[in-house]
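Engineer: Contents of query.cif (mmCIF, N, CA, C and O atoms):
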```cif
data_model
#
loop_
_atom_site.label_atom_id
_atom_site.label_comp_id
_atom_site.auth_asym_id
_atom_site.auth_seq_id
_atom_site.Cartn_x
_atom_site.Cartn_y
_atom_site.Cartn_z
N MET A 1 30.36 38.02 -4.01
CA MET A 1 29.11 37.75 -3.33
C MET A 1 27.98 38.48 -4.04
O MET A 1 28.13 39.59 -4.50
N SER A 2 26.87 37.84 -4.06
CA SER A 2 25.72 38.45 -4.69
C SER A 2 24.92 39.26 -3.66
O SER A 2 25.14 39.16 -2.46
N ASP A 3 24.01 40.05 -4.14
CA ASP A 3 23.18 40.87 -3.25
C ASP A 3 22.28 40.00 -2.38
O ASP A 3 21.95 40.38 -1.27
N LEU A 4 21.90 38.83 -2.87
CA LEU A 4 21.02 37.95 -2.11
C LEU A 4 21.72 37.41 -0.86
O LEU A 4 21.11 37.29 0.19
N ASP A 5 23.01 37.12 -0.96
CA ASP A 5 23.76 36.64 0.19
C ASP A 5 23.87 37.72 1.27
O ASP A 5 23.89 37.43 2.46
N LEU A 6 23.94 38.98 0.85
CA LEU A 6 24.04 40.06 1.82
C LEU A 6 22.71 40.29 2.53
O LEU A 6 22.68 40.66 3.69
N LEU A 7 21.60 40.08 1.83
CA LEU A 7 20.29 40.31 2.43
C LEU A 7 19.90 39.19 3.38
O LEU A 7 19.28 39.43 4.40
N VAL A 8 20.25 37.96 3.06
CA VAL A 8 19.88 36.82 3.88
C VAL A 8 21.17 36.12 4.33
O VAL A 8 21.62 35.17 3.70
N PRO A 9 21.77 36.59 5.42
CA PRO A 9 23.05 36.01 5.81
C PRO A 9 22.92 34.57 6.31
O PRO A 9 23.75 33.73 6.00
N ASN A 10 21.91 34.28 7.08
CA ASN A 10 21.71 32.93 7.59
C ASN A 10 20.38 32.40 7.07
O ASN A 10 19.33 32.78 7.56
N ALA A 11 20.44 31.54 6.09
CA ALA A 11 19.21 30.96 5.56
C ALA A 11 18.69 29.95 6.57
O ALA A 11 19.39 29.01 6.94
N PHE A 12 17.47 30.14 7.02
CA PHE A 12 16.88 29.27 8.02
C PHE A 12 15.98 28.26 7.34
O PHE A 12 15.09 28.63 6.57
N ASP A 13 16.23 27.00 7.60
CA ASP A 13 15.39 25.93 7.06
C ASP A 13 14.52 25.40 8.19
O ASP A 13 15.03 24.72 9.09
N PRO A 14 13.21 25.68 8.20
CA PRO A 14 12.36 25.25 9.31
C PRO A 14 12.19 23.73 9.38
O PRO A 14 11.84 23.20 10.42
N PHE A 15 12.47 23.04 8.29
CA PHE A 15 12.26 21.60 8.28
C PHE A 15 13.56 20.82 8.45
O PHE A 15 13.56 19.60 8.38
N ALA A 16 14.67 21.50 8.65
CA ALA A 16 15.95 20.81 8.78
C ALA A 16 15.96 19.90 10.00
O ALA A 16 16.47 18.78 9.96
N GLU A 17 15.38 20.35 11.10
CA GLU A 17 15.34 19.54 12.31
C GLU A 17 14.47 18.30 12.11
O GLU A 17 14.82 17.20 12.53
N GLU A 18 13.33 18.46 11.46
CA GLU A 18 12.44 17.33 11.20
C GLU A 18 13.09 16.32 10.28
O GLU A 18 12.97 15.12 10.47
N ASN A 19 13.76 16.81 9.24
CA ASN A 19 14.40 15.90 8.29
C ASN A 19 15.54 15.13 8.94
O ASN A 19 15.80 13.98 8.61
N ALA A 20 16.24 15.75 9.88
CA ALA A 20 17.34 15.07 10.56
C ALA A 20 16.81 13.98 11.48
O ALA A 20 17.39 12.90 11.58
N ASP A 21 15.70 14.25 12.17
CA ASP A 21 15.13 13.27 13.09
C ASP A 21 14.50 12.10 12.36
O ASP A 21 14.63 10.96 12.79
N ASN A 22 13.82 12.36 11.26
CA ASN A 22 13.11 11.33 10.52
C ASN A 22 13.87 10.96 9.25
O ASN A 22 13.34 11.01 8.16
N SER A 23 15.13 10.61 9.40
CA SER A 23 15.92 10.28 8.21
C SER A 23 15.40 9.01 7.55
O SER A 23 15.60 8.79 6.37
N GLY A 24 14.70 8.16 8.30
CA GLY A 24 14.15 6.94 7.73
C GLY A 24 12.70 7.09 7.32
O GLY A 24 12.00 6.11 7.13
N ALA A 25 12.22 8.31 7.17
CA ALA A 25 10.83 8.52 6.81
C ALA A 25 10.58 8.00 5.40
O ALA A 25 11.38 8.18 4.50
N GLY A 26 9.46 7.35 5.24
CA GLY A 26 9.10 6.83 3.93
C GLY A 26 9.67 5.44 3.67
O GLY A 26 9.44 4.88 2.61
N THR A 27 10.41 4.88 4.62
CA THR A 27 10.98 3.56 4.41
C THR A 27 10.13 2.46 5.03
O THR A 27 10.44 1.31 4.88
N LYS A 28 9.06 2.84 5.73
CA LYS A 28 8.19 1.82 6.32
C LYS A 28 7.43 1.11 5.22
O LYS A 28 7.05 1.71 4.22
N ASP A 29 7.22 -0.17 5.43
CA ASP A 29 6.48 -0.95 4.45
C ASP A 29 5.01 -1.00 4.85
O ASP A 29 4.67 -1.53 5.91
N TYR A 30 4.19 -0.42 4.02
CA TYR A 30 2.76 -0.40 4.26
C TYR A 30 2.08 -1.33 3.25
O TYR A 30 2.52 -1.46 2.12
N VAL A 31 0.98 -1.93 3.69
CA VAL A 31 0.14 -2.71 2.79
C VAL A 31 -1.04 -1.81 2.43
O VAL A 31 -1.76 -1.33 3.31
N HIS A 32 -1.22 -1.58 1.15
CA HIS A 32 -2.30 -0.72 0.68
C HIS A 32 -3.46 -1.57 0.21
O HIS A 32 -3.29 -2.41 -0.68
N ILE A 33 -4.63 -1.34 0.80
CA ILE A 33 -5.85 -2.03 0.41
C ILE A 33 -6.78 -0.98 -0.15
O ILE A 33 -7.23 -0.08 0.57
N ARG A 34 -7.06 -1.08 -1.45
CA ARG A 34 -7.86 -0.06 -2.12
C ARG A 34 -9.04 -0.70 -2.83
O ARG A 34 -9.04 -1.89 -3.11
N ILE A 35 -10.00 0.14 -3.15
CA ILE A 35 -11.16 -0.31 -3.92
C ILE A 35 -11.21 0.51 -5.21
O ILE A 35 -10.95 1.71 -5.19
N GLN A 36 -11.48 -0.18 -6.30
CA GLN A 36 -11.65 0.50 -7.59
C GLN A 36 -13.07 0.25 -8.05
O GLN A 36 -13.52 -0.90 -8.09
N GLN A 37 -13.76 1.32 -8.37
CA GLN A 37 -15.13 1.20 -8.84
C GLN A 37 -15.13 0.84 -10.31
O GLN A 37 -14.47 1.47 -11.11
N ARG A 38 -15.84 -0.21 -10.64
CA ARG A 38 -15.98 -0.59 -12.04
C ARG A 38 -17.24 0.05 -12.58
O ARG A 38 -17.44 1.24 -12.44
N ASN A 39 -18.11 -0.71 -13.18
CA ASN A 39 -19.35 -0.14 -13.72
C ASN A 39 -20.52 -0.49 -12.80
O ASN A 39 -20.65 -1.62 -12.37
N GLY A 40 -21.34 0.49 -12.52
CA GLY A 40 -22.51 0.27 -11.68
C GLY A 40 -22.11 -0.05 -10.24
O GLY A 40 -21.38 0.68 -9.61
N ARG A 41 -22.60 -1.18 -9.73
CA ARG A 41 -22.32 -1.58 -8.36
C ARG A 41 -21.09 -2.48 -8.26
O ARG A 41 -20.73 -2.91 -7.18
N LYS A 42 -20.48 -2.78 -9.37
CA LYS A 42 -19.32 -3.69 -9.38
C LYS A 42 -18.08 -2.95 -8.89
O LYS A 42 -17.85 -1.81 -9.23
N SER A 43 -17.28 -3.65 -8.09
CA SER A 43 -16.05 -3.05 -7.59
C SER A 43 -14.95 -4.10 -7.52
O SER A 43 -15.20 -5.30 -7.60
N LEU A 44 -13.73 -3.61 -7.35
CA LEU A 44 -12.55 -4.46 -7.34
C LEU A 44 -11.69 -4.01 -6.16
O LEU A 44 -11.43 -2.82 -5.99
N THR A 45 -11.26 -4.95 -5.32
CA THR A 45 -10.39 -4.65 -4.21
C THR A 45 -8.96 -5.03 -4.58
O THR A 45 -8.73 -6.15 -5.03
N THR A 46 -8.01 -4.11 -4.40
CA THR A 46 -6.62 -4.40 -4.71
C THR A 46 -5.79 -4.35 -3.43
O THR A 46 -6.01 -3.50 -2.57
N VAL A 47 -4.85 -5.29 -3.32
CA VAL A 47 -3.95 -5.37 -2.18
C VAL A 47 -2.53 -5.31 -2.73
O VAL A 47 -2.15 -6.15 -3.55
N GLN A 48 -1.76 -4.33 -2.28
CA GLN A 48 -0.38 -4.23 -2.75
C GLN A 48 0.51 -3.85 -1.59
O GLN A 48 0.06 -3.34 -0.57
N GLY A 49 1.79 -4.12 -1.73
CA GLY A 49 2.75 -3.76 -0.70
C GLY A 49 3.09 -4.89 0.25
O GLY A 49 3.78 -4.66 1.24
N LEU A 50 2.64 -6.10 -0.04
CA LEU A 50 3.03 -7.23 0.79
C LEU A 50 4.51 -7.53 0.56
O LEU A 50 5.06 -7.24 -0.50
N LYS A 51 5.15 -8.13 1.54
CA LYS A 51 6.56 -8.46 1.40
C LYS A 51 6.76 -9.50 0.30
O LYS A 51 5.90 -10.35 0.08
N LYS A 52 7.89 -9.44 -0.35
CA LYS A 52 8.15 -10.33 -1.47
C LYS A 52 8.40 -11.77 -1.02
O LYS A 52 8.31 -12.69 -1.81
N GLU A 53 8.68 -11.95 0.26
CA GLU A 53 8.94 -13.30 0.75
C GLU A 53 7.67 -14.15 0.86
O GLU A 53 7.75 -15.36 0.94
N PHE A 54 6.50 -13.50 0.84
CA PHE A 54 5.24 -14.22 0.90
C PHE A 54 4.87 -14.75 -0.47
O PHE A 54 5.16 -14.14 -1.50
N SER A 55 4.17 -15.87 -0.48
CA SER A 55 3.66 -16.43 -1.72
C SER A 55 2.29 -15.80 -1.99
O SER A 55 1.32 -16.06 -1.28
N TYR A 56 2.24 -14.97 -3.01
CA TYR A 56 1.00 -14.26 -3.33
C TYR A 56 -0.10 -15.23 -3.73
O TYR A 56 -1.26 -15.02 -3.41
N ASN A 57 0.26 -16.29 -4.43
CA ASN A 57 -0.76 -17.24 -4.87
C ASN A 57 -1.39 -17.99 -3.69
O ASN A 57 -2.59 -18.25 -3.70
N LYS A 58 -0.61 -18.31 -2.67
CA LYS A 58 -1.17 -18.99 -1.50
C LYS A 58 -2.07 -18.05 -0.70
O LYS A 58 -3.12 -18.46 -0.20
N ILE A 59 -1.65 -16.79 -0.57
CA ILE A 59 -2.49 -15.80 0.13
C ILE A 59 -3.79 -15.61 -0.63
O ILE A 59 -4.87 -15.56 -0.04
N LEU A 60 -3.69 -15.52 -1.96
CA LEU A 60 -4.89 -15.34 -2.79
C LEU A 60 -5.83 -16.53 -2.64
O LEU A 60 -7.04 -16.36 -2.52
N LYS A 61 -5.27 -17.73 -2.62
CA LYS A 61 -6.09 -18.93 -2.48
C LYS A 61 -6.85 -18.91 -1.16
O LYS A 61 -8.05 -19.21 -1.11
N ASP A 62 -6.18 -18.52 -0.07
CA ASP A 62 -6.85 -18.45 1.23
C ASP A 62 -7.91 -17.34 1.27
O ASP A 62 -8.98 -17.52 1.84
N LEU A 63 -7.60 -16.20 0.65
CA LEU A 63 -8.58 -15.11 0.60
C LEU A 63 -9.82 -15.51 -0.17
O LEU A 63 -10.95 -15.22 0.23
N LYS A 64 -9.64 -16.19 -1.30
CA LYS A 64 -10.77 -16.61 -2.12
C LYS A 64 -11.65 -17.62 -1.38
O LYS A 64 -12.88 -17.55 -1.44
N LYS A 65 -11.02 -18.54 -0.64
CA LYS A 65 -11.80 -19.52 0.13
C LYS A 65 -12.54 -18.86 1.28
O LYS A 65 -13.69 -19.18 1.57
N GLU A 66 -11.85 -17.93 1.95
CA GLU A 66 -12.42 -17.29 3.14
C GLU A 66 -13.62 -16.40 2.79
O GLU A 66 -14.62 -16.39 3.50
N PHE A 67 -13.52 -15.64 1.70
CA PHE A 67 -14.54 -14.64 1.40
C PHE A 67 -15.45 -15.03 0.25
O PHE A 67 -16.30 -14.23 -0.15
N CYS A 68 -15.31 -16.22 -0.29
CA CYS A 68 -16.17 -16.71 -1.38
C CYS A 68 -16.23 -15.70 -2.54
O CYS A 68 -17.30 -15.26 -2.95
N CYS A 69 -15.07 -15.33 -3.03
CA CYS A 69 -15.00 -14.41 -4.16
C CYS A 69 -13.89 -14.86 -5.09
O CYS A 69 -13.06 -15.68 -4.72
N ASN A 70 -13.88 -14.32 -6.28
CA ASN A 70 -12.85 -14.65 -7.24
C ASN A 70 -11.75 -13.61 -7.17
O ASN A 70 -11.95 -12.50 -6.68
N GLY A 71 -10.56 -13.96 -7.65
CA GLY A 71 -9.46 -13.02 -7.62
C GLY A 71 -8.30 -13.49 -8.46
O GLY A 71 -8.29 -14.61 -8.98
N THR A 72 -7.31 -12.63 -8.60
CA THR A 72 -6.13 -12.94 -9.39
C THR A 72 -4.94 -12.13 -8.87
O THR A 72 -5.10 -11.15 -8.15
N VAL A 73 -3.74 -12.58 -9.26
CA VAL A 73 -2.52 -11.84 -8.98
C VAL A 73 -2.05 -11.21 -10.28
O VAL A 73 -1.86 -11.91 -11.28
N VAL A 74 -1.89 -9.89 -10.28
CA VAL A 74 -1.50 -9.16 -11.49
C VAL A 74 -0.09 -8.62 -11.29
O VAL A 74 0.24 -8.08 -10.23
N GLN A 75 0.75 -8.78 -12.30
CA GLN A 75 2.11 -8.23 -12.27
C GLN A 75 2.10 -6.84 -12.91
O GLN A 75 1.81 -6.70 -14.09
N ASP A 76 2.40 -5.81 -12.09
CA ASP A 76 2.43 -4.44 -12.58
C ASP A 76 3.88 -3.98 -12.64
O ASP A 76 4.64 -4.25 -11.71
N PRO A 77 4.29 -3.30 -13.71
CA PRO A 77 5.70 -2.90 -13.81
C PRO A 77 6.13 -1.90 -12.74
O PRO A 77 7.26 -1.93 -12.29
N GLU A 78 5.24 -1.02 -12.30
CA GLU A 78 5.59 -0.03 -11.29
C GLU A 78 5.34 -0.52 -9.87
O GLU A 78 6.13 -0.27 -8.97
N LEU A 79 4.23 -1.22 -9.65
CA LEU A 79 3.81 -1.59 -8.30
C LEU A 79 4.22 -3.00 -7.90
O LEU A 79 4.04 -3.38 -6.75
N GLY A 80 4.70 -3.78 -8.82
CA GLY A 80 5.04 -5.17 -8.51
C GLY A 80 3.80 -6.04 -8.59
O GLY A 80 2.92 -5.81 -9.40
N GLN A 81 3.74 -7.05 -7.72
CA GLN A 81 2.59 -7.94 -7.73
C GLN A 81 1.45 -7.33 -6.92
O GLN A 81 1.65 -6.82 -5.82
N VAL A 82 0.24 -7.39 -7.50
CA VAL A 82 -0.96 -6.83 -6.87
C VAL A 82 -2.03 -7.91 -6.86
O VAL A 82 -2.28 -8.55 -7.88
N ILE A 83 -2.65 -8.11 -5.70
CA ILE A 83 -3.76 -9.06 -5.58
C ILE A 83 -5.05 -8.30 -5.87
O ILE A 83 -5.30 -7.25 -5.27
N GLN A 84 -5.86 -8.84 -6.78
CA GLN A 84 -7.16 -8.24 -7.08
C GLN A 84 -8.26 -9.22 -6.68
O GLN A 84 -8.20 -10.40 -7.02
N LEU A 85 -9.25 -8.71 -5.97
CA LEU A 85 -10.40 -9.51 -5.54
C LEU A 85 -11.68 -8.85 -6.01
O LEU A 85 -11.78 -7.63 -6.07
N GLN A 86 -12.68 -9.67 -6.31
CA GLN A 86 -13.97 -9.12 -6.72
C GLN A 86 -14.74 -8.64 -5.51
O GLN A 86 -14.73 -9.28 -4.46
N GLY A 87 -15.39 -7.50 -5.66
CA GLY A 87 -16.24 -6.96 -4.60
C GLY A 87 -15.47 -6.08 -3.64
O GLY A 87 -14.26 -5.91 -3.73
N ASP A 88 -16.20 -5.51 -2.70
CA ASP A 88 -15.61 -4.65 -1.67
C ASP A 88 -15.19 -5.53 -0.50
O ASP A 88 -15.98 -5.86 0.37
N GLN A 89 -13.93 -5.89 -0.46
CA GLN A 89 -13.40 -6.81 0.56
C GLN A 89 -12.39 -6.10 1.47
O GLN A 89 -11.56 -6.76 2.09
N ARG A 90 -12.46 -4.78 1.57
CA ARG A 90 -11.43 -4.04 2.32
C ARG A 90 -11.35 -4.45 3.78
O ARG A 90 -10.27 -4.76 4.29
N LYS A 91 -12.48 -4.45 4.48
CA LYS A 91 -12.48 -4.81 5.90
C LYS A 91 -12.10 -6.27 6.09
O LYS A 91 -11.35 -6.62 7.00
N ASN A 92 -12.62 -7.14 5.22
CA ASN A 92 -12.31 -8.56 5.33
C ASN A 92 -10.83 -8.82 5.15
O ASN A 92 -10.22 -9.58 5.91
N VAL A 93 -10.24 -8.18 4.15
CA VAL A 93 -8.81 -8.40 3.87
C VAL A 93 -7.97 -7.86 5.01
O VAL A 93 -7.01 -8.51 5.43
N SER A 94 -8.30 -6.69 5.52
CA SER A 94 -7.49 -6.12 6.60
C SER A 94 -7.54 -6.98 7.85
O SER A 94 -6.50 -7.23 8.48
N THR A 95 -8.71 -7.47 8.23
CA THR A 95 -8.80 -8.35 9.41
C THR A 95 -8.09 -9.68 9.15
O THR A 95 -7.44 -10.21 10.04
N PHE A 96 -8.17 -10.20 7.93
CA PHE A 96 -7.49 -11.45 7.60
C PHE A 96 -5.98 -11.29 7.72
O PHE A 96 -5.29 -12.13 8.30
N LEU A 97 -5.44 -10.20 7.19
CA LEU A 97 -3.99 -9.98 7.24
C LEU A 97 -3.51 -9.78 8.66
O LEU A 97 -2.42 -10.23 9.03
N VAL A 98 -4.30 -9.12 9.50
CA VAL A 98 -3.92 -8.92 10.90
C VAL A 98 -3.97 -10.24 11.66
O VAL A 98 -3.06 -10.56 12.43
N GLN A 99 -5.01 -11.04 11.42
CA GLN A 99 -5.13 -12.33 12.11
C GLN A 99 -4.03 -13.30 11.72
O GLN A 99 -3.53 -14.04 12.55
N GLU A 100 -3.64 -13.27 10.47
CA GLU A 100 -2.60 -14.18 9.98
C GLU A 100 -1.20 -13.61 10.20
O GLU A 100 -0.21 -14.20 9.76
N LEU A 101 -1.10 -12.44 10.84
CA LEU A 101 0.18 -11.78 11.13
C LEU A 101 0.99 -11.49 9.88
O LEU A 101 2.22 -11.61 9.87
N ILE A 102 0.29 -11.12 8.82
CA ILE A 102 0.97 -10.73 7.58
C ILE A 102 1.08 -9.23 7.56
O ILE A 102 2.05 -8.67 7.19
#
```
Would you give me this structure, written as structure tokens?

Structural biologist:
Amino acid sequence: MSDLDLLVPNAFDPFAEENADNSGAGTKDYVHIRIQQRNGRKSLTTVQGLKKEFSYNKILKDLKKEFCCNGTVVQDPELGQVIQLQGDQRKNVSTFLVQELI
């Protein structure tokens, strides 16, 4: 036995109870709606985290018609498919996704 074992006989982990209760923490699927500032007043809204069962191109087509803006679907190696829209469309996209039950 080492001297450390003699000094601390019962190592107490304050987060052991939390980790046991929330074993599924971090497994929830969230949709992230972010804005990226380009140059000047130009901005880009990105939507990621949608379920793979949805057709990203159909959602993009409806978003473009609804908000009168241009957009594209970008394939990212780390994040998967990401929808990009021109302008600050954060509130519009969030209300659209809630109304359409996506």

Engineer: Evaluate the PyMOL selection byres ((chain A and resi 49) around 8) here and jot the selected residues down as a PyMOL selection string.

Structural biologist: chain A and resi 28-33+46-48+50-52+79-83+102

Engineer: For each of A:Cys69, A:Leu97, A:Leu44, A:Leu63, take the minimum atom-to-atom distance to A:Gln84, counting only C-alpha atoms, then give the residue where this is smallest.

Structural biologist: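 Of all the options, A:Leu44 lies closest to A:Gln84.
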
Engineer: Between A:Leu85, A:Leu101, A:Val73, A:Val93, which has the minimum distance to A:Ser43 (counting all atoms listed in the file)?

Structural biologist: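 Ranking A:Leu85, A:Leu101, A:Val73, A:Val93 by distance to A:Ser43, first place goes to A:Leu85.
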
Engineer: The PyMOL selection byres ((chain A and resi 88) around 8) - which residues does that actually catch in the file I just gave you? List them as a list in words.

Structural biologist: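 Here the PyMOL selection byres ((chain A and resi 88) around 8) matches Arg34, Ile35, Gln36, Arg41, Lys42, Ser43, Leu44, Thr45, Leu85, Gln86, Gly87, Gln89, Arg90, Lys91, Asn92 and Val93 of chain A.
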